[in-house]
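Accompanying notes for the structure given below.
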Amino acid sequence: MDFTIPAEITALQAAFSDFLEREVRPLEDEYARSFWEASVDQAALKPVVDEVRRRSAAAGFYAPYLPEEVGGEGLSVVGTTLLVEDAAASGMRLAMVAVAPPNPAGPSTLLLKLPRHLWDDYLIPVAKAERTMCFALTEPEAGSDAQSIRSSAVRDGDDWVINGHKHYITNGDDADFAIVFAVTDADKRAAGGITAFVVPRDQYRVGKTQYNLSDSHPAELFFDDARVPGDHVIGEVGMGFLEAMSFLNAGRAYIGAQSLGLAEFALRSATEHVQARNAFGKPLAKFQGVSFPLAKSKVDIEAMRWLVYHLAWRVDTQGDPLAIMGDASITKYATTEWAYEVADRALQAFGGMGLMNEGPIERILRHLRMLRVVEGASEVQLLVIARTLGL
Ligand SMILES: Cc1cc2nc3c(=O)[nH]c(=O)nc-3n(C[C@H](O)[C@H](O)[C@H](O)COP(=O)(O)OP(=O)(O)OC[C@H]3O[C@@H](n4cnc5c(N)ncnc54)[C@H](O)[C@@H]3O)c2cc1C
């Protein structure tokens, strides 16, 4: 097996690091604290987030996985994964905005399944960071069991009319349009009865912003006779659920890469801290009670790395998404769980400073706690893994 990263990708990583330091670091230094905080007014931060997205799109880093014809670079999943890891490992919250996956506000590859005449309205403006979107699947009565959604879409002449209530939708309060999943055939549901639509902002109502422990505050969306033209369907009618599932493997690699990068940042910060801080007449690092947990974190990080890279390589090179699903779930489960433990050990090594919101770890821990729940909670990944065992 050859695990060498191609020279063109390492060159891209170097250019991305330069970009982050030059274009994002100054904004991070000025605004970072507010981004991580749980109760900050989201709207006040919007101009800064938009600016980072625009700078990144102009430099070619925002959505590099898209084809060149729509403003991307045609970058592989391996290449994109490495950029996501680097963004998270920088420790900058705004760096994680600079590269679209795994942030649902950026262009989903699902938009490539829209009719081409709609790309100028939806796909290309999001790829250029002129507009943003959201991905609206979860409902109050259907989270892990997503195929139980109640939102419905019915034909009315040439249009579709959508009714339903979504919640926990990231970027829901700011998006210019939503990718919305609704039932079009209640008997078939996941097997041909759920359709994905693009719905412009003027067709739905945004409810409350849902502030929570993490650094990402989603919103409720209400669809009351939302009307879209018949061509606003992603892929085929009835195939929305399966379309979404087929993109999940790459999504799991990106969540894994973000977890890996944050774990690297946490370990690096803790390592520097225990070398610099003294107790009982010597650096904390000299106590094995301090250094061994960090050594264990290094083991976890290397194991995470190869799970993530291997999954990304499989998505790039192997056609059948169903065959990769088990590996995708293993990667999502292991990386989010282990990264959380790595951050928790780093917090312990920092002592009281670990708990302070001015320190480097507390915010990372909160973000990682969220990743164990979103896009398929850990238990749902175990469910898929158990199925691969025939259980
Ligand atoms: C900050 C944040 C952002 C989000 N962003 C989005 C978004 O942009 N778009 C979107 O559509 N959704 C989004 N979500 C929703 C997220 O994907 C769901 O919260 C998640 O899928 C879990 O669903 P639930 O909250 O309904 O929990 P439930 O489904 O009620 O699950 C509760 C618990 O039961 C466990 N459980 C459920 N079924 C089983 C089972 N069969 N076996 C064992 N354990 C089980 C779960 O793992 C979990 O621990 C977001 C959520 C949060 C918190």
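Please note that chains go A, B, ... in the order of the structure tokens, that every chain numbers its residues from 1, and that ligands are numbered from 1 in the order shown.
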Ligand 1 neighbours within 8 Å using only C-alpha atoms and all ligand atoms, as a count of residues only: 38
Tyr340 of chain A environment, 12 Å, only C-alpha atoms, sequence neighbours closer than 6 positions dropped, as a PyMOL selection string: chain A and resi 256+258-264+266-267+297+300-301+304+333-334+346-347+361-373
Which of segment 78-293 of chain A DSSP labels alpha helix (DSSP H), written as number ranges by chain: A: 78-89, 95-98, 123-127, 240-276, 288-293
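Among the candidate residues A:Asp316, A:Asp327, A:Asp176, A:Glu337, the one lying nearest to Thr80 of chain A is A:Asp316, with distances computed using only C-alpha atoms.
Non-sequential neighbours of segment 282-295 of chain A (distance at most 9 Å, separation of 6 or more positions within a chain, only C-alpha atoms) are Leu267, Ala270, Thr271, His273, Val274, Gln275, Ala276, Val342, Arg345, Ala346, Gln348 and Ala349 of chain A.
With atom CA of Gln381 of chain A on one side and atom CA of Ser329 of chain A on the other, the separation reads 4.9 Å.
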